[in-house]
$ cat entry_1.cif   # mmCIF, C-alpha atoms
data_input
loop_
_atom_site.label_atom_id
_atom_site.label_comp_id
_atom_site.auth_asym_id
_atom_site.auth_seq_id
_atom_site.Cartn_x
_atom_site.Cartn_y
_atom_site.Cartn_z
CA MET A 139 -14.83 21.94 -6.31
CA LYS A 140 -17.90 21.18 -4.22
CA PHE A 141 -15.78 19.52 -1.54
CA PHE A 142 -13.39 22.47 -1.42
CA GLU A 143 -16.25 24.90 -0.76
CA LEU A 144 -17.72 22.57 1.86
CA MET A 145 -14.42 22.27 3.72
CA LYS A 146 -13.79 26.00 3.43
CA THR A 147 -17.21 26.73 4.98
CA ALA A 148 -16.52 24.26 7.82
CA SER A 149 -13.06 25.73 8.40
CA ASN A 150 -14.42 29.28 8.50
CA ASP A 151 -17.05 28.13 11.01
CA ALA A 152 -14.17 26.91 13.21
CA GLY A 153 -12.34 30.23 12.81
CA LEU A 154 -9.79 28.96 10.29
CA GLU A 155 -8.64 29.84 6.80
CA PHE A 156 -8.70 27.04 4.22
CA THR A 157 -6.31 26.97 1.29
CA GLU A 158 -5.94 25.07 -1.98
CA VAL A 159 -2.73 23.51 -0.63
CA GLN A 160 -4.55 22.16 2.42
CA TYR A 161 -7.33 20.85 0.20
CA GLU A 162 -4.81 18.99 -1.96
CA GLN A 163 -3.26 17.48 1.18
CA PHE A 164 -6.66 16.27 2.36
CA ILE A 165 -7.48 14.72 -1.03
CA LYS A 166 -4.11 12.92 -1.10
CA TYR A 167 -4.76 11.71 2.47
CA MET A 168 -8.19 10.43 1.42
CA ARG A 169 -6.79 8.50 -1.56
CA LEU A 170 -4.11 6.87 0.62
CA LEU A 171 -6.75 6.00 3.22
CA GLN A 172 -8.95 4.36 0.58
CA GLU A 173 -6.00 2.48 -0.96
CA TRP A 174 -4.63 1.18 2.35
CA ASN A 175 -8.07 0.35 3.67
CA GLU A 176 -8.16 -2.53 1.20
CA LYS A 177 -5.09 -4.02 2.95
CA ILE A 178 -5.69 -3.17 6.60
CA ASN A 179 -8.86 -2.15 8.41
CA LEU A 180 -8.62 1.61 8.91
CA THR A 181 -12.19 2.82 8.55
CA ALA A 182 -15.69 1.65 7.63
CA ILE A 183 -16.24 5.05 5.98
CA THR A 184 -14.76 5.00 2.47
CA GLU A 185 -16.91 7.01 0.03
CA ASP A 186 -15.41 10.41 -0.86
CA GLU A 187 -18.28 12.51 0.45
CA ASP A 188 -18.51 10.52 3.69
CA VAL A 189 -14.76 10.69 4.33
CA ILE A 190 -14.84 14.45 3.87
CA LYS A 191 -17.90 15.08 6.03
CA LYS A 192 -17.66 12.38 8.70
CA HIS A 193 -13.87 12.32 9.11
CA PHE A 194 -12.23 15.48 7.81
CA ILE A 195 -14.84 18.11 8.66
CA ASP A 196 -15.61 16.44 11.98
CA CYS A 197 -11.92 16.74 12.90
CA ILE A 198 -11.59 20.32 11.59
CA LYS A 199 -14.42 21.29 13.95
CA ALA A 200 -12.09 20.36 16.85
CA PHE A 201 -10.71 23.88 16.38
CA LYS A 202 -13.91 25.20 17.96
CA SER A 203 -12.11 24.19 21.16
CA GLU A 204 -9.81 27.00 22.33
CA PRO A 205 -7.32 24.54 23.89
CA ILE A 206 -6.94 22.84 20.47
CA LYS A 207 -6.66 26.20 18.73
CA ASN A 208 -4.00 27.50 21.15
CA ALA A 209 -1.96 24.34 21.77
CA LYS A 210 1.72 24.15 20.86
CA THR A 211 1.89 20.38 21.49
CA ILE A 212 -0.90 17.81 21.00
CA ILE A 213 -0.91 14.04 21.40
CA ASP A 214 -3.64 12.04 19.66
CA VAL A 215 -4.11 8.88 21.73
CA GLY A 216 -5.33 5.81 19.83
CA THR A 217 -5.18 7.79 16.61
CA GLY A 218 -6.13 4.87 14.32
CA ALA A 219 -6.20 6.20 10.76
CA GLY A 220 -4.99 9.59 12.04
CA PHE A 221 -8.16 11.20 13.38
CA PRO A 222 -8.20 13.90 14.64
CA GLY A 223 -4.41 14.37 14.75
CA LEU A 224 -3.59 14.53 11.03
CA PRO A 225 -6.38 17.00 10.10
CA ILE A 226 -5.28 19.16 13.06
CA ALA A 227 -1.68 19.08 11.77
CA ILE A 228 -2.79 19.96 8.22
CA MET A 229 -4.88 22.88 9.44
CA ASN A 230 -2.22 24.25 11.81
CA PRO A 231 1.40 23.74 10.71
CA ASN A 232 2.60 25.48 13.90
CA VAL A 233 1.36 22.81 16.30
CA GLU A 234 3.52 19.76 17.04
CA VAL A 235 1.29 16.68 16.75
CA THR A 236 2.21 13.25 18.12
CA LEU A 237 0.16 10.32 16.82
CA LEU A 238 0.12 7.33 19.18
CA ASP A 239 -1.30 3.94 18.22
CA SER A 240 -0.85 0.36 19.37
CA LEU A 241 -0.91 -1.26 15.92
CA ASN A 242 2.30 -1.10 13.89
CA LYS A 243 0.47 -1.50 10.55
CA ARG A 244 -1.44 1.70 11.27
CA ILE A 245 1.78 3.48 12.22
CA ASN A 246 3.27 2.43 8.86
CA PHE A 247 0.25 3.92 7.12
CA LEU A 248 0.50 7.15 9.13
CA ASN A 249 4.22 7.49 8.39
CA LEU A 250 3.46 7.19 4.68
CA VAL A 251 0.76 9.88 4.87
CA VAL A 252 3.09 12.20 6.78
CA ARG A 253 5.80 11.74 4.11
CA GLU A 254 3.44 12.06 1.13
CA LEU A 255 1.79 15.20 2.52
CA GLY A 256 5.13 16.75 3.51
CA LEU A 257 4.02 17.33 7.10
CA LYS A 258 6.97 18.54 9.18
CA ASN A 259 4.97 18.92 12.40
CA VAL A 260 3.97 15.28 12.97
CA LYS A 261 5.67 12.33 14.64
CA THR A 262 4.32 8.85 15.31
CA ILE A 263 4.76 6.50 18.27
CA HIS A 264 3.95 2.79 18.29
CA SER A 265 2.69 2.07 21.81
CA ARG A 266 -0.33 1.17 23.86
CA ALA A 267 -1.77 4.21 25.60
CA GLU A 268 -1.11 2.73 29.05
CA ASP A 269 2.56 2.03 28.28
CA GLY A 270 3.30 5.34 26.59
CA ALA A 271 1.98 7.32 29.55
CA ARG A 272 4.62 5.66 31.77
CA LYS A 273 7.49 7.02 29.67
CA PRO A 274 9.10 10.11 31.25
CA GLU A 275 9.43 11.80 27.84
CA LEU A 276 5.66 11.56 27.29
CA ARG A 277 4.10 11.73 30.75
CA GLU A 278 2.50 15.14 31.49
CA LYS A 279 4.39 16.70 28.57
CA PHE A 280 1.57 17.89 26.27
CA ASP A 281 -0.63 21.00 26.19
CA VAL A 282 -3.49 18.84 24.93
CA ALA A 283 -4.26 15.13 24.71
CA THR A 284 -7.10 14.35 22.34
CA SER A 285 -8.93 11.26 21.19
CA ARG A 286 -11.87 10.44 18.95
CA ALA A 287 -14.29 7.55 19.27
CA VAL A 288 -11.90 5.26 21.17
CA ALA A 289 -13.76 4.46 24.42
CA ASN A 290 -16.18 5.85 27.00
CA MET A 291 -15.14 8.87 29.07
CA ALA A 292 -14.06 6.90 32.16
CA VAL A 293 -11.70 4.71 30.12
CA LEU A 294 -10.62 7.49 27.77
CA SER A 295 -9.73 9.79 30.66
CA GLU A 296 -7.35 7.20 32.09
CA PHE A 297 -5.76 6.72 28.67
CA CYS A 298 -5.33 10.45 27.98
CA MET A 299 -5.04 12.47 31.20
CA PRO A 300 -1.57 11.16 32.17
CA TYR A 301 -0.12 12.75 29.00
CA VAL A 302 -1.43 16.24 29.82
CA LYS A 303 0.63 18.94 31.54
CA LYS A 304 -0.86 20.54 34.64
CA ASP A 305 -3.14 23.37 33.41
CA GLY A 306 -3.34 21.63 30.01
CA TYR A 307 -6.44 19.96 28.56
CA PHE A 308 -7.87 16.62 27.61
CA VAL A 309 -10.20 17.24 24.66
CA ALA A 310 -12.44 14.34 23.61
CA LEU A 311 -14.35 14.24 20.33
CA LYS A 312 -17.57 12.39 21.13
CA GLY A 313 -20.92 11.50 19.59
CA PRO A 314 -24.32 12.93 20.54
CA ALA A 315 -25.01 10.83 23.68
CA ILE A 316 -22.47 12.39 26.02
CA ASP A 317 -24.50 13.09 29.18
CA GLU A 318 -24.57 9.52 30.47
CA GLU A 319 -20.89 9.03 29.65
CA LEU A 320 -19.97 12.10 31.64
CA GLU A 321 -22.15 11.05 34.54
CA ASN A 322 -20.41 7.66 34.64
CA GLY A 323 -16.96 9.17 34.04
CA SER A 324 -17.08 12.22 36.30
CA ASN A 325 -15.34 10.54 39.23
CA ALA A 326 -12.62 9.08 36.98
CA ILE A 327 -11.93 12.58 35.61
CA LYS A 328 -11.59 13.90 39.17
CA ILE A 329 -9.33 11.04 40.34
CA LEU A 330 -7.00 11.66 37.37
CA GLY A 331 -6.60 15.36 38.18
CA GLY A 332 -9.19 16.73 35.79
CA GLU A 333 -12.12 19.11 35.97
CA LEU A 334 -14.85 19.31 33.33
CA GLN A 335 -14.70 22.74 31.66
CA GLY A 336 -17.45 22.48 29.11
CA ILE A 337 -19.10 20.76 26.17
CA ILE A 338 -19.24 22.28 22.69
CA GLU A 339 -21.88 20.97 20.33
CA ILE A 340 -20.84 20.90 16.70
CA SER A 341 -22.76 20.23 13.51
CA ILE A 342 -21.41 18.89 10.24
CA GLU A 343 -22.28 20.81 7.08
CA GLU A 344 -24.94 19.24 4.83
CA THR A 345 -25.72 16.50 7.35
CA ASP A 346 -27.95 16.06 10.40
CA LEU A 347 -24.95 14.96 12.48
CA LYS A 348 -24.47 16.57 15.89
CA HIS A 349 -21.29 15.80 17.79
CA ASN A 350 -19.73 17.04 21.02
CA ILE A 351 -16.31 18.29 22.03
CA VAL A 352 -15.65 17.66 25.73
CA GLU A 353 -13.03 19.85 27.39
CA VAL A 354 -11.40 18.68 30.63
CA LYS A 355 -8.79 20.86 32.34
CA LYS A 356 -5.88 19.21 34.18
CA VAL A 357 -6.01 21.00 37.53
CA LYS A 358 -3.54 18.77 39.38
CA ASN A 359 -0.94 16.15 38.52
CA CYS A 360 -2.12 12.65 37.76
CA PRO A 361 -1.42 10.14 40.59
CA LYS A 362 1.53 7.89 39.74
CA THR A 363 -0.67 4.79 39.98
CA TYR A 364 -2.43 5.77 36.73
CA PRO A 365 -2.79 4.58 34.08
CA ARG A 366 -3.09 1.04 35.38
CA LYS A 367 -1.42 -1.78 33.46
CA ALA A 368 -2.53 -2.68 29.93
CA GLY A 369 -5.88 -4.47 29.81
CA THR A 370 -7.09 -3.32 33.24
CA VAL A 371 -8.38 0.08 32.16
CA ASN A 372 -10.99 -1.35 29.77
CA LYS A 373 -11.95 -4.28 32.00
CA LYS A 374 -12.34 -2.25 35.20
CA PRO A 375 -13.09 1.39 34.39
CA LEU A 376 -12.62 3.82 37.27
CA GLN A 377 -15.87 4.40 39.12
#
$ encode --input "entry_1.cif" --output "structure tokens"
Amino acid sequence: MKFFELMKTASNDAGLEFTEVQYEQFIKYMRLLQEWNEKINLTAITEDEDVIKKHFIDCIKAFKSEPIKNAKTIIDVGTGAGFPGLPIAIMNPNVEVTLLDSLNKRINFLNLVVRELGLKNVKTIHSRAEDGARKPELREKFDVATSRAVANMAVLSEFCMPYVKKDGYFVALKGPAIDEELENGSNAIKILGGELQGIIEISIEETDLKHNIVEVKKVKNCPKTYPRKAGTVNKKPLQ
């Protein structure tokens, strides 16, 4: 039960309870991730302890962000293997989580996890971030848009900010070297209607890892010209 105690400690640090049922859901998720990773590339992190520390606990720590903790609706843009959206949904059954990804194979994997874990608060969408943000049913409809390790802040802001309601938040889970990214992305954040609210440093239990949660508030509506068409955002990040 070492992993249970570790995840319970991490959850408590983020202001959350952690139950046996949640633990069982995480273990089932991990086994499916390891099994499917042999068929499609989902993660380079596959050992039990690493999955728990570097994926699950890292995502649980997102709840140190008040916008994540208080959100009723969250979209995880470029969710990949489901991080951080699925751990958020496991930890808070009252939040509606939308997982968006451009690769249908990953969506098939996510749908299986959702079914196997019995998660009633998750839906998946197969779409590129730039295309999804143009759909009226998704544009500026979410309390929070989040993303983890997808791109730098300038690019990520253009992918995520169009999904966020006015007065909602874009919450990015980033690595340790955030200052330069924010310096380069500060104008993009402003153009897209955002305002940097703060950075929360998190640590992962029993590791030396230090990560950052970046909170950006949506203070005005995103101009209709954004996001630009697929491919442009990465090639020509907003300056």
$ resolve_selection --input "entry_1.cif" --expression "the PyMOL selection byres ((chain A and resi 305) around 10)" --output "PyMOL selection string"
chain A and resi 281-282+302-304+306-307+331-332+354-359
$ atom_distance --input "entry_1.cif" --atom1 "CA of Arg272 in chain A" --atom2 "CA of Lys328 in chain A"
19.6 Å
$ resolve_selection --input "entry_1.cif" --expression "the PyMOL selection byres ((chain A and resi 215) around 8)" --output "JSON list (two decimals) with C-alpha atoms, in the coordinates of the input"
[["chain", "number", "residue", "atom", "x", "y", "z"],
["A", 213, "ILE", "CA", -0.91, 14.04, 21.40],
["A", 214, "ASP", "CA", -3.64, 12.04, 19.66],
["A", 216, "GLY", "CA", -5.33, 5.81, 19.83],
["A", 217, "THR", "CA", -5.18, 7.79, 16.61],
["A", 237, "LEU", "CA", 0.16, 10.32, 16.82],
["A", 238, "LEU", "CA", 0.12, 7.33, 19.18],
["A", 239, "ASP", "CA", -1.30, 3.94, 18.22],
["A", 267, "ALA", "CA", -1.77, 4.21, 25.60],
["A", 283, "ALA", "CA", -4.26, 15.13, 24.71],
["A", 284, "THR", "CA", -7.10, 14.35, 22.34],
["A", 285, "SER", "CA", -8.93, 11.26, 21.19],
["A", 297, "PHE", "CA", -5.76, 6.72, 28.67],
["A", 298, "CYS", "CA", -5.33, 10.45, 27.98]]
$ closest_residue --input "entry_1.cif" --among "A:Ser240, A:Ile327, A:Val309, A:Gln163" --to "Leu257 in chain A" --atoms "all atoms listed in the file"
A:Gln163
$ atom_distance --input "entry_1.cif" --atom1 "CA of Tyr301 in chain A" --atom2 "CA of Ile212 in chain A"
9.5 Å
$ residues_around --input "entry_1.cif" --residues "range 177-190 of chain A" --least-positions-apart "4" --cutoff "7 Å" --atoms "all atoms listed in the file" --output "ChimeraX atom specification"
/A:172,194-195,218-219
$ write_last_selection --input "entry_1.cif" --atoms "C-alpha atoms" --output "mmCIF file, in the frame of the given file"
data_model
loop_
_atom_site.group_PDB
_atom_site.id
_atom_site.type_symbol
_atom_site.label_atom_id
_atom_site.label_comp_id
_atom_site.auth_asym_id
_atom_site.auth_seq_id
_atom_site.Cartn_x
_atom_site.Cartn_y
_atom_site.Cartn_z
ATOM 1 C CA GLN A 172 -8.950 4.360 0.580
ATOM 2 C CA PHE A 194 -12.230 15.480 7.810
ATOM 3 C CA ILE A 195 -14.840 18.110 8.660
ATOM 4 C CA GLY A 218 -6.130 4.870 14.320
ATOM 5 C CA ALA A 219 -6.200 6.200 10.760
#
$ atom_distance --input "entry_1.cif" --atom1 "CA of Pro205 in chain A" --atom2 "CA of Glu353 in chain A"
8.2 Å
$ closest_residue --input "entry_1.cif" --among "A:Ile198, A:Cys360, A:Leu170, A:Ala227" --to "Ala271 in chain A" --atoms "all atoms listed in the file"
A:Cys360
$ closest_residue --input "entry_1.cif" --among "A:Leu171, A:Leu347, A:Cys197, A:Met229" --to "Phe156 in chain A" --atoms "all atoms listed in the file"
A:Met229
$ closest_residue --input "entry_1.cif" --among "A:Gly336, A:Pro375, A:Pro361, A:Pro314" --to "Arg277 in chain A" --atoms "all atoms listed in the file"
A:Pro361
$ residues_near_point --input "entry_1.cif" --point "(5.0, 19.7, 19.9)" --cutoff "12 Å" --atoms "all atoms listed in the file" --output "compact mmCIF listing (two decimals) with C-alpha atoms, keeping the file's coordinate frame"
# COMPACT_ATOMS: atom_id res chain seq x y z
CA ASN A 208 -4.00 27.50 21.15
CA ALA A 209 -1.96 24.34 21.77
CA LYS A 210 1.72 24.15 20.86
CA THR A 211 1.89 20.38 21.49
CA ILE A 212 -0.90 17.81 21.00
CA ILE A 213 -0.91 14.04 21.40
CA ASP A 214 -3.64 12.04 19.66
CA GLY A 223 -4.41 14.37 14.75
CA ALA A 227 -1.68 19.08 11.77
CA ASN A 230 -2.22 24.25 11.81
CA PRO A 231 1.40 23.74 10.71
CA ASN A 232 2.60 25.48 13.90
CA VAL A 233 1.36 22.81 16.30
CA GLU A 234 3.52 19.76 17.04
CA VAL A 235 1.29 16.68 16.75
CA THR A 236 2.21 13.25 18.12
CA LEU A 237 0.16 10.32 16.82
CA LYS A 258 6.97 18.54 9.18
CA ASN A 259 4.97 18.92 12.40
CA VAL A 260 3.97 15.28 12.97
CA LYS A 261 5.67 12.33 14.64
CA THR A 262 4.32 8.85 15.31
CA LEU A 276 5.66 11.56 27.29
CA LYS A 279 4.39 16.70 28.57
CA PHE A 280 1.57 17.89 26.27
CA ASP A 281 -0.63 21.00 26.19
CA VAL A 282 -3.49 18.84 24.93
CA ALA A 283 -4.26 15.13 24.71
$ resolve_selection --input "entry_1.cif" --expression "the PyMOL selection byres ((chain A and resi 311) around 8)" --output "PyMOL selection string"
chain A and resi 200+284-287+309-310+312-313+349-352
$ build_atoms --input "entry_1.cif" --residues "range 345-359 of chain A" --atoms "N, CA and C atoms" --output "mmCIF file, keeping the file's coordinate frame"
data_model
loop_
_atom_site.group_PDB
_atom_site.id
_atom_site.type_symbol
_atom_site.label_atom_id
_atom_site.label_comp_id
_atom_site.auth_asym_id
_atom_site.auth_seq_id
_atom_site.Cartn_x
_atom_site.Cartn_y
_atom_site.Cartn_z
ATOM 1 N N THR A 345 -25.296 17.748 6.710
ATOM 2 C CA THR A 345 -25.720 16.500 7.350
ATOM 3 C C THR A 345 -26.593 16.864 8.558
ATOM 4 N N ASP A 346 -27.201 15.844 9.163
ATOM 5 C CA ASP A 346 -27.950 16.060 10.400
ATOM 6 C C ASP A 346 -27.094 15.694 11.623
ATOM 7 N N LEU A 347 -25.817 15.425 11.394
ATOM 8 C CA LEU A 347 -24.950 14.960 12.480
ATOM 9 C C LEU A 347 -24.673 16.050 13.504
ATOM 10 N N LYS A 348 -24.799 15.683 14.760
ATOM 11 C CA LYS A 348 -24.470 16.570 15.890
ATOM 12 C C LYS A 348 -23.471 15.834 16.774
ATOM 13 N N HIS A 349 -22.312 16.401 16.942
ATOM 14 C CA HIS A 349 -21.290 15.800 17.790
ATOM 15 C C HIS A 349 -20.930 16.735 18.942
ATOM 16 N N ASN A 350 -20.123 16.236 19.858
ATOM 17 C CA ASN A 350 -19.730 17.040 21.020
ATOM 18 C C ASN A 350 -18.229 17.028 21.224
ATOM 19 N N ILE A 351 -17.712 18.183 21.607
ATOM 20 C CA ILE A 351 -16.310 18.290 22.030
ATOM 21 C C ILE A 351 -16.332 18.494 23.532
ATOM 22 N N VAL A 352 -15.686 17.586 24.256
ATOM 23 C CA VAL A 352 -15.650 17.660 25.730
ATOM 24 C C VAL A 352 -14.283 18.172 26.155
ATOM 25 N N GLU A 353 -14.280 19.255 26.920
ATOM 26 C CA GLU A 353 -13.030 19.850 27.390
ATOM 27 C C GLU A 353 -12.854 19.591 28.893
ATOM 28 N N VAL A 354 -11.734 18.966 29.237
ATOM 29 C CA VAL A 354 -11.400 18.680 30.630
ATOM 30 C C VAL A 354 -10.068 19.345 30.944
ATOM 31 N N LYS A 355 -10.041 20.192 31.946
ATOM 32 C CA LYS A 355 -8.790 20.860 32.340
ATOM 33 C C LYS A 355 -8.044 20.009 33.355
ATOM 34 N N LYS A 356 -6.730 19.940 33.216
ATOM 35 C CA LYS A 356 -5.880 19.210 34.180
ATOM 36 C C LYS A 356 -5.534 20.183 35.306
ATOM 37 N N VAL A 357 -6.196 20.047 36.432
ATOM 38 C CA VAL A 357 -6.010 21.000 37.530
ATOM 39 C C VAL A 357 -4.961 20.543 38.540
ATOM 40 N N LYS A 358 -4.631 19.258 38.523
ATOM 41 C CA LYS A 358 -3.540 18.770 39.380
ATOM 42 C C LYS A 358 -2.878 17.571 38.711
ATOM 43 N N ASN A 359 -1.675 17.259 39.132
ATOM 44 C CA ASN A 359 -0.940 16.150 38.520
ATOM 45 C C ASN A 359 -1.663 14.832 38.717
#
